[in-house]
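What follows is the content of input.cif (mmCIF, C-alpha atoms and all ligand atoms).
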```
data_query
#
loop_
_atom_site.label_atom_id
_atom_site.label_comp_id
_atom_site.auth_asym_id
_atom_site.auth_seq_id
_atom_site.Cartn_x
_atom_site.Cartn_y
_atom_site.Cartn_z
CA MET H 919 11.47 -0.45 -8.62
CA ILE H 920 10.38 -3.72 -6.98
CA GLU H 921 10.53 -7.16 -8.50
CA VAL H 922 9.14 -10.19 -6.79
CA GLU H 923 10.09 -13.62 -8.06
CA ASN H 924 8.40 -16.83 -6.99
CA LEU H 925 7.69 -15.54 -3.48
CA GLN H 926 6.53 -18.09 -0.94
CA ALA H 927 5.24 -17.32 2.53
CA GLY H 928 2.87 -18.70 5.12
CA TYR H 929 2.08 -19.21 8.77
CA GLY H 930 3.06 -22.40 10.61
CA ASP H 931 2.06 -25.32 8.43
CA ILE H 932 -0.10 -23.17 6.18
CA ALA H 933 1.37 -22.10 2.85
CA VAL H 934 -0.34 -18.86 1.80
CA LEU H 935 1.82 -17.51 -1.05
CA ASN H 936 2.72 -20.28 -3.45
CA GLY H 937 5.16 -18.61 -5.80
CA VAL H 938 4.07 -15.03 -6.49
CA SER H 939 5.90 -13.04 -9.15
CA LEU H 940 5.16 -9.41 -9.90
CA ARG H 941 6.78 -6.06 -10.51
CA VAL H 942 5.99 -2.42 -9.86
CA GLY H 943 7.96 0.20 -11.77
CA ALA H 944 8.65 3.79 -10.72
CA ASN H 945 5.64 6.03 -11.46
CA GLU H 946 3.32 3.05 -11.67
CA THR H 947 0.18 2.33 -9.67
CA VAL H 948 -0.39 -1.40 -9.69
CA ALA H 949 -3.31 -3.15 -8.02
CA VAL H 950 -3.42 -6.56 -6.40
CA ILE H 951 -6.99 -7.79 -6.43
CA GLY H 952 -8.42 -11.06 -5.18
CA ALA H 953 -11.09 -12.66 -3.02
CA ASN H 954 -11.05 -12.87 0.79
CA GLY H 955 -8.27 -15.14 1.96
CA ALA H 956 -6.40 -15.07 -1.37
CA GLY H 957 -3.25 -13.93 0.42
CA LYS H 958 -3.26 -10.21 -0.44
CA SER H 959 -2.44 -8.96 3.06
CA THR H 960 0.17 -11.69 3.47
CA LEU H 961 1.78 -10.47 0.25
CA ALA H 962 1.73 -6.84 1.44
CA ALA H 963 3.24 -7.84 4.80
CA ALA H 964 5.89 -10.03 3.13
CA LEU H 965 6.97 -7.14 0.90
CA CYS H 966 7.42 -5.00 4.03
CA GLY H 967 9.36 -7.71 5.84
CA LEU H 968 6.69 -8.39 8.45
CA VAL H 969 6.04 -11.93 7.22
CA PRO H 970 9.24 -13.81 6.33
CA ALA H 971 9.74 -15.17 2.83
CA ARG H 972 10.08 -18.96 2.73
CA GLY H 973 11.30 -18.95 -0.82
CA GLY H 974 11.77 -16.70 -3.83
CA ARG H 975 13.22 -13.21 -4.03
CA ILE H 976 12.25 -9.61 -3.45
CA VAL H 977 14.50 -7.18 -5.31
CA HIS H 978 14.13 -3.47 -4.62
CA GLN H 979 16.03 -0.98 -6.81
CA GLY H 980 18.33 -3.80 -7.90
CA ILE H 981 19.12 -4.96 -4.35
CA ASP H 982 17.93 -8.23 -2.88
CA VAL H 983 15.92 -7.33 0.23
CA THR H 984 14.34 -10.76 0.78
CA ALA H 985 16.02 -11.11 4.17
CA THR H 986 16.21 -7.38 5.03
CA PRO H 987 14.41 -6.53 8.30
CA ALA H 988 11.25 -4.42 8.06
CA HIS H 989 12.70 -1.20 9.52
CA LEU H 990 15.58 -1.26 7.04
CA ARG H 991 13.18 -1.75 4.14
CA VAL H 992 11.45 1.44 5.28
CA ARG H 993 14.83 3.20 5.23
CA ARG H 994 15.32 1.94 1.69
CA GLY H 995 12.03 3.51 0.60
CA ILE H 996 9.41 0.80 1.01
CA GLY H 997 6.55 2.39 2.97
CA ALA H 998 3.15 0.95 3.76
CA VAL H 999 -0.23 1.33 5.36
CA LEU H 1000 -1.20 -2.21 6.20
CA GLU H 1001 -4.39 -3.85 7.45
CA GLY H 1002 -5.27 -2.53 10.90
CA ARG H 1003 -3.22 0.67 10.32
CA HIS H 1004 -0.91 0.04 13.30
CA LEU H 1005 -1.51 3.34 15.04
CA PHE H 1006 -0.83 3.97 18.73
CA GLY H 1007 -4.22 4.82 20.22
CA SER H 1008 -3.23 7.19 23.01
CA MET H 1009 -0.61 9.02 20.98
CA THR H 1010 -1.49 12.24 19.18
CA VAL H 1011 -1.50 12.97 15.47
CA ARG H 1012 1.60 15.12 15.95
CA GLN H 1013 3.43 12.23 17.63
CA HIS H 1014 2.54 9.92 14.75
CA LEU H 1015 3.87 12.44 12.27
CA THR H 1016 7.08 12.67 14.32
CA LEU H 1017 7.41 8.88 14.13
CA GLY H 1018 7.19 9.16 10.36
CA ARG H 1019 9.85 11.87 10.26
CA LEU H 1020 12.20 9.91 12.55
CA GLY H 1021 12.01 6.73 10.48
CA ALA H 1022 12.37 8.48 7.14
CA ARG H 1023 14.56 7.47 4.24
CA SER H 1024 17.20 10.10 3.48
CA VAL H 1025 16.14 11.69 0.22
CA GLN H 1026 18.70 12.44 -2.46
CA THR H 1027 19.72 15.98 -3.33
CA GLY H 1028 17.25 17.48 -5.74
CA GLU H 1029 14.57 14.98 -4.79
CA LYS H 1030 11.33 16.48 -3.55
CA ARG H 1031 10.56 15.39 0.01
CA PHE H 1032 7.23 15.14 1.76
CA ASP H 1033 7.10 17.48 4.69
CA GLU H 1034 4.39 18.24 7.19
CA GLU H 1035 2.96 21.03 5.03
CA ASP H 1036 2.53 18.57 2.17
CA VAL H 1037 0.56 16.08 4.25
CA VAL H 1038 -1.56 18.86 5.72
CA ALA H 1039 -2.25 20.07 2.18
CA LEU H 1040 -3.45 16.56 1.34
CA PHE H 1041 -5.50 16.20 4.53
CA PRO H 1042 -6.33 19.72 5.79
CA PHE H 1043 -8.39 18.49 8.77
CA LEU H 1044 -5.14 17.31 10.39
CA LEU H 1045 -4.12 20.87 11.14
CA ASP H 1046 -6.87 21.28 13.75
CA ARG H 1047 -6.35 17.81 15.18
CA LEU H 1048 -2.59 17.70 15.75
CA ASP H 1049 -2.93 17.35 19.51
CA ASP H 1050 -5.78 14.82 19.48
CA ALA H 1051 -5.19 11.20 20.45
CA VAL H 1052 -5.82 9.03 17.41
CA GLU H 1053 -8.11 6.67 19.35
CA LEU H 1054 -10.63 9.51 19.50
CA MET H 1055 -10.71 9.84 15.73
CA SER H 1056 -13.01 8.23 13.19
CA GLY H 1057 -11.88 5.33 11.00
CA GLY H 1058 -11.44 7.61 8.01
CA GLU H 1059 -9.45 10.15 10.00
CA GLN H 1060 -7.25 7.37 11.37
CA GLN H 1061 -6.65 6.08 7.86
CA MET H 1062 -5.44 9.54 6.85
CA VAL H 1063 -3.15 9.76 9.89
CA ALA H 1064 -1.69 6.38 8.89
CA LEU H 1065 -1.20 7.62 5.33
CA ALA H 1066 0.34 10.88 6.52
CA ARG H 1067 2.81 9.01 8.72
CA ALA H 1068 3.69 6.68 5.84
CA LEU H 1069 4.33 9.63 3.50
CA LEU H 1070 6.69 11.29 5.97
CA LEU H 1071 8.81 8.13 5.75
CA GLN H 1072 9.60 9.40 2.21
CA PRO H 1073 8.65 6.15 0.45
CA GLN H 1074 9.48 5.56 -3.20
CA LEU H 1075 7.16 2.59 -3.16
CA LEU H 1076 3.97 2.84 -1.12
CA ILE H 1077 2.06 -0.33 -0.32
CA LEU H 1078 -1.57 0.21 0.63
CA ASP H 1079 -3.63 -2.70 1.94
CA GLU H 1080 -7.32 -2.02 1.30
CA PRO H 1081 -7.22 1.67 2.23
CA SER H 1082 -10.93 2.05 1.51
CA THR H 1083 -12.32 -0.78 3.63
CA GLY H 1084 -15.04 0.26 6.04
CA LEU H 1085 -14.89 3.94 5.15
CA SER H 1086 -17.63 6.27 3.93
CA PRO H 1087 -17.85 7.05 0.18
CA LEU H 1088 -16.63 10.59 0.81
CA VAL H 1089 -13.48 9.41 2.59
CA VAL H 1090 -12.91 6.73 -0.05
CA ARG H 1091 -13.04 9.49 -2.70
CA GLN H 1092 -10.49 11.50 -0.76
CA ILE H 1093 -8.15 8.53 -0.46
CA MET H 1094 -8.45 7.70 -4.16
CA LYS H 1095 -7.75 11.34 -5.00
CA THR H 1096 -4.67 11.19 -2.78
CA ILE H 1097 -3.44 8.10 -4.63
CA GLY H 1098 -3.81 10.08 -7.87
CA THR H 1099 -1.76 12.96 -6.42
CA LEU H 1100 1.00 10.61 -5.22
CA ARG H 1101 1.10 8.95 -8.60
CA GLU H 1102 1.56 12.35 -10.26
CA ARG H 1103 4.48 12.97 -7.92
CA GLY H 1104 6.13 9.85 -9.30
CA MET H 1105 5.60 7.48 -6.39
CA GLY H 1106 5.28 3.77 -7.18
CA ILE H 1107 2.14 2.40 -5.57
CA LEU H 1108 1.04 -1.15 -4.90
CA LEU H 1109 -2.64 -1.03 -4.07
CA VAL H 1110 -4.26 -4.08 -2.51
CA GLU H 1111 -7.95 -3.66 -3.14
CA GLN H 1112 -10.97 -5.91 -3.11
CA ASN H 1113 -13.15 -3.30 -4.77
CA VAL H 1114 -12.26 -3.91 -8.40
CA ALA H 1115 -14.02 -0.80 -9.68
CA LEU H 1116 -11.93 1.38 -7.35
CA ALA H 1117 -8.75 -0.44 -8.30
CA ALA H 1118 -9.54 0.10 -11.98
CA GLU H 1119 -10.12 3.79 -11.40
CA VAL H 1120 -6.69 4.55 -9.97
CA SER H 1121 -4.37 1.78 -11.18
CA ASP H 1122 -2.44 1.37 -14.40
CA ARG H 1123 -2.67 -2.40 -14.32
CA ALA H 1124 -3.34 -5.26 -11.89
CA TYR H 1125 -2.48 -8.72 -10.72
CA VAL H 1126 -5.27 -11.06 -9.68
CA LEU H 1127 -4.22 -13.17 -6.72
CA SER H 1128 -6.06 -16.44 -6.24
CA VAL H 1129 -5.12 -19.07 -3.65
CA GLY H 1130 -1.64 -17.64 -3.26
CA ARG H 1131 -0.79 -17.42 -6.96
CA ILE H 1132 -1.08 -14.77 -9.66
CA ALA H 1133 -3.96 -16.23 -11.64
CA HIS H 1134 -4.41 -13.38 -14.10
CA GLU H 1135 -2.85 -10.07 -15.11
CA VAL H 1136 -4.77 -7.02 -16.22
CA GLN H 1137 -2.41 -5.09 -18.47
CA ALA H 1138 -2.50 -1.33 -19.05
CA GLY H 1139 -5.49 -0.56 -21.26
CA GLU H 1140 -7.23 -3.84 -20.45
CA TRP H 1141 -9.31 -2.75 -17.46
CA GLU H 1142 -12.50 -2.20 -19.39
CA GLU H 1143 -12.29 -5.58 -21.04
CA PHE H 1144 -11.58 -7.26 -17.67
CA LEU H 1145 -14.48 -5.57 -15.89
CA ALA H 1146 -16.84 -6.48 -18.71
CA ASP H 1147 -15.91 -10.16 -18.43
CA ASP H 1148 -18.37 -11.26 -15.74
CA GLN H 1149 -17.19 -14.83 -15.77
CA LEU H 1150 -13.56 -13.90 -15.26
CA VAL H 1151 -14.36 -11.45 -12.47
CA LYS H 1152 -16.62 -14.00 -10.79
CA ALA H 1153 -14.08 -16.81 -11.12
CA TYR H 1154 -11.32 -14.85 -9.41
CA LEU H 1155 -13.12 -12.47 -7.13
CA GLY H 1156 -16.30 -14.37 -6.31
CA SER H 1157 -18.57 -11.39 -6.97
N1 LIG I 1 -1.38 -14.46 11.34
C1 LIG I 1 -1.90 -15.51 10.70
N2 LIG I 1 -1.76 -16.75 11.20
C2 LIG I 1 -2.28 -17.83 10.55
N3 LIG I 1 -2.95 -17.75 9.39
C3 LIG I 1 -3.11 -16.53 8.85
C4 LIG I 1 -2.60 -15.35 9.47
N4 LIG I 1 -2.92 -14.29 8.70
C5 LIG I 1 -3.60 -14.79 7.64
N5 LIG I 1 -3.71 -16.13 7.73
C6 LIG I 1 -4.36 -17.00 6.74
O1 LIG I 1 -3.74 -16.81 5.48
C7 LIG I 1 -4.70 -16.80 4.44
C8 LIG I 1 -4.57 -15.53 3.64
O2 LIG I 1 -4.90 -14.42 4.46
P1 LIG I 1 -4.70 -12.91 3.99
O3 LIG I 1 -5.05 -12.07 5.14
O4 LIG I 1 -3.36 -12.76 3.39
O5 LIG I 1 -5.81 -12.83 2.84
P2 LIG I 1 -6.42 -11.54 2.13
O6 LIG I 1 -6.39 -11.82 0.67
O7 LIG I 1 -5.76 -10.32 2.60
O8 LIG I 1 -7.94 -11.59 2.63
P3 LIG I 1 -8.95 -10.36 2.95
O9 LIG I 1 -9.49 -9.92 1.62
O10 LIG I 1 -10.00 -11.00 3.78
O11 LIG I 1 -8.21 -9.28 3.65
C9 LIG I 1 -6.06 -16.99 5.09
O12 LIG I 1 -6.41 -18.34 4.97
C10 LIG I 1 -5.81 -16.62 6.54
O13 LIG I 1 -6.64 -17.35 7.38
MG MG I 2 -6.41 -8.63 3.59
#
```
Once you've parsed the file, please lay out its structure as structure tokens.
Ligand SMILES: Nc1ncnc2c1ncn2[C@@H]1O[C@H](COP(=O)(O)OP(=O)(O)OP(=O)(O)O)[C@@H](O)[C@H]1O
Ligand SMILES: [Mg+2]
Amino acid sequence: MIEVENLQAGYGDIAVLNGVSLRVGANETVAVIGANGAGKSTLAAALCGLVPARGGRIVHQGIDVTATPAHLRVRRGIGAVLEGRHLFGSMTVRQHLTLGRLGARSVQTGEKRFDEEDVVALFPFLLDRLDDAVELMSGGEQQMVALARALLLQPQLLILDEPSTGLSPLVVRQIMKTIGTLRERGMGILLVEQNVALAAEVSDRAYVLSVGRIAHEVQAGEWEEFLADDQLVKAYLGS
């Protein structure tokens, strides 16, 4: 679904991604884990086209999108909820959902699309809050609005940058459950997550990002072994 080869990116004189290669297949949930400052959010933003690639390639469904602008990547099926969520404070939930619908990829005949009923089924509280401004909502509620908007874009690949950060355990549970549901629907998911235990719970496999490079890969079936290896976890994640 997406293949990244030797991706380089940075800000000004700072090189942040120093040749990252990874792939996410259809129906796969793949985690990117790594310590603070490893470059995880830069990677997520570069895949969406919000940070330009300085080298390497991003190939989505066989097409090179390395230089494709962000809004056209969305139209091709790369959706995301990035750090900071990028909501419009004074706009209502309904308006955010409309934004999702307007930017959506055209789904193929026979393909199941996400409509408003689907997102309300995932996050029932939205139904009573459609006319509320998002700035009046809690962090967890805002995260769900951001997810709902992203789903209405009809992504085939959904990139989530630390969706659990700063949220209560109950909301984190709900978000992890949602990831499970999306995975069952066949969506490819790239989950950036600093909480390794959470990543292990919902992901098939993982890449460990360290100082802008993939330092380690956790293959399917290897999670338990990885988590048990204190030294490895400490070396890459600092905890
Ligand atoms: N807009 C920016 N301008 C300049 N430097 C930046 C910018 N955004 C990030 N950086 C730098 O790039 C490096 C990687 O940051 P990034 O946000 O990608 O890390 P991260 O792995 O997501 O960290 P965290 O776990 O804290 O979210 C850091 O050294 C950071 O200071
Ligand atoms: Mg980050």
Quiz item: For ligand MG 2 (chain I), which residue among H:Leu965, H:Gln1149, H:Glu1080, H:Ile996 is the nearest when counting all atoms listed in the file?
Solution: H:Glu1080
Quiz item: Skipping near chain neighbours, those fewer than 6 positions away, what residues fall within 10 Å of region 1091-1096 of chain H using only C-alpha atoms, listed as a list in words?
Solution: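 Counting only C-alpha atoms, the residues come to Leu1040, Phe1041, Gly1058, Gln1061, Met1062, Leu1065, Pro1081, Ser1082, Leu1085, Glu1102, Leu1116, Ala1117, Glu1119 and Val1120 of chain H.
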Self-check item: Among the residues H:Ala1118, H:Val950, H:Val938, H:Leu1075, the one that comes closest to ligand MG 2 (chain I) [using all atoms listed in the file]
Solution: H:Val950
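Taking only C-alpha atoms and all ligand atoms into account, the protein and nucleic acid residues that come at most 9 Å from ligand MG 2 (chain I) are H:Asn954, H:Gly955, H:Ala956, H:Gly957, H:Lys958, H:Ser959, H:Thr960, H:Ala962, H:Leu1000, H:Glu1001, H:Asp1079, H:Glu1080, H:Val1110, H:Glu1111, H:Gln1112.
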Please list, as a short mmCIF file (atom, residue, chain, number, x, y, z; two decimals) with C-alpha atoms, in the coordinates of the input, the residues that have an atom at most 12 Å away from (2.1, -17.0, -8.2) in the coordinates of this file, counting all atoms listed in the file.
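The resulting part_4.cif:
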```cif
data_model
loop_
_atom_site.label_atom_id
_atom_site.label_comp_id
_atom_site.auth_asym_id
_atom_site.auth_seq_id
_atom_site.Cartn_x
_atom_site.Cartn_y
_atom_site.Cartn_z
CA VAL H 922 9.14 -10.19 -6.79
CA GLU H 923 10.09 -13.62 -8.06
CA ASN H 924 8.40 -16.83 -6.99
CA LEU H 925 7.69 -15.54 -3.48
CA GLN H 926 6.53 -18.09 -0.94
CA ALA H 927 5.24 -17.32 2.53
CA VAL H 934 -0.34 -18.86 1.80
CA LEU H 935 1.82 -17.51 -1.05
CA ASN H 936 2.72 -20.28 -3.45
CA GLY H 937 5.16 -18.61 -5.80
CA VAL H 938 4.07 -15.03 -6.49
CA SER H 939 5.90 -13.04 -9.15
CA LEU H 940 5.16 -9.41 -9.90
CA VAL H 950 -3.42 -6.56 -6.40
CA ALA H 956 -6.40 -15.07 -1.37
CA GLY H 957 -3.25 -13.93 0.42
CA LYS H 958 -3.26 -10.21 -0.44
CA LEU H 961 1.78 -10.47 0.25
CA GLY H 973 11.30 -18.95 -0.82
CA GLY H 974 11.77 -16.70 -3.83
CA TYR H 1125 -2.48 -8.72 -10.72
CA VAL H 1126 -5.27 -11.06 -9.68
CA LEU H 1127 -4.22 -13.17 -6.72
CA SER H 1128 -6.06 -16.44 -6.24
CA VAL H 1129 -5.12 -19.07 -3.65
CA GLY H 1130 -1.64 -17.64 -3.26
CA ARG H 1131 -0.79 -17.42 -6.96
CA ILE H 1132 -1.08 -14.77 -9.66
CA ALA H 1133 -3.96 -16.23 -11.64
CA HIS H 1134 -4.41 -13.38 -14.10
CA GLU H 1135 -2.85 -10.07 -15.11
#
```
Practice problem: Could you jot down the atom C1 of ligand LIG 1 (chain I) to CA of His1004 (chain H) separation for me, Å, one decimal place? | Solution: 15.8 Å
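Proximity to region 980-985 of chain H at 10 Å, evaluated using all atoms listed in the file and with sequence-adjacent residues fewer than 5 positions away removed, yields Met919, Ile920, Glu921, Val922, Leu925, Ala964, Leu965, Cys966, Gly967, Pro970, Ala971, Arg972, Gly973, Gly974, Arg975, Leu990, Arg991 and Arg994 of chain H.
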Self-check item: atom O3 of ligand LIG 1 (chain I) to CA of Ala953 (chain H), straight-line distance in Å
Solution: 10.2 Å
Box for ligand LIG 1 (chain I) - axis-aligned, 6 Å on each of the six sides, all listed atoms - centre and size in Å to one decimal, as lines of an AutoDock Vina configuration file.
```
center_x = -5.7
center_y = -13.8
center_z = 6.0
size_x = 20.6
size_y = 21.1
size_z = 22.7
```
Quiz item: Within 9 Å of Leu1005 (chain H), counting all atoms listed in the file, which residues qualify if same-chain residues fewer than 4 places away don't, as number ranges by chain?
Solution: H: 1009, 1014, 1052-1053, 1060, 1063-1064
Would you export the selected residues with C-alpha atoms as a PDB file, in the coordinates of the input, please?
```
ATOM      1  CA  MET H1009      -0.610   9.020  20.980  1.00  0.00           C
ATOM      2  CA  HIS H1014       2.540   9.920  14.750  1.00  0.00           C
ATOM      3  CA  VAL H1052      -5.820   9.030  17.410  1.00  0.00           C
ATOM      4  CA  GLU H1053      -8.110   6.670  19.350  1.00  0.00           C
ATOM      5  CA  GLN H1060      -7.250   7.370  11.370  1.00  0.00           C
ATOM      6  CA  VAL H1063      -3.150   9.760   9.890  1.00  0.00           C
ATOM      7  CA  ALA H1064      -1.690   6.380   8.890  1.00  0.00           C
TER       8      ALA H1064
END
```
Quiz prompt | Nearest to Gly1098 (chain H), chosen from H:Gly1002, H:Tyr929, H:Ile1077, H:Asp1122, with all atoms listed in the file counted in the distances | solution =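 That would be H:Asp1122, the residue with the smallest distance to Gly1098 (chain H).
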Quiz item: With all atoms listed in the file as the basis for distance, which of H:Glu1059, H:Thr1016, H:Glu1143, H:Arg941 is at the shortest distance from Leu1088 (chain H)?
Solution: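 Ranking H:Glu1059, H:Thr1016, H:Glu1143, H:Arg941 by distance to Leu1088 (chain H), first place goes to H:Glu1059.
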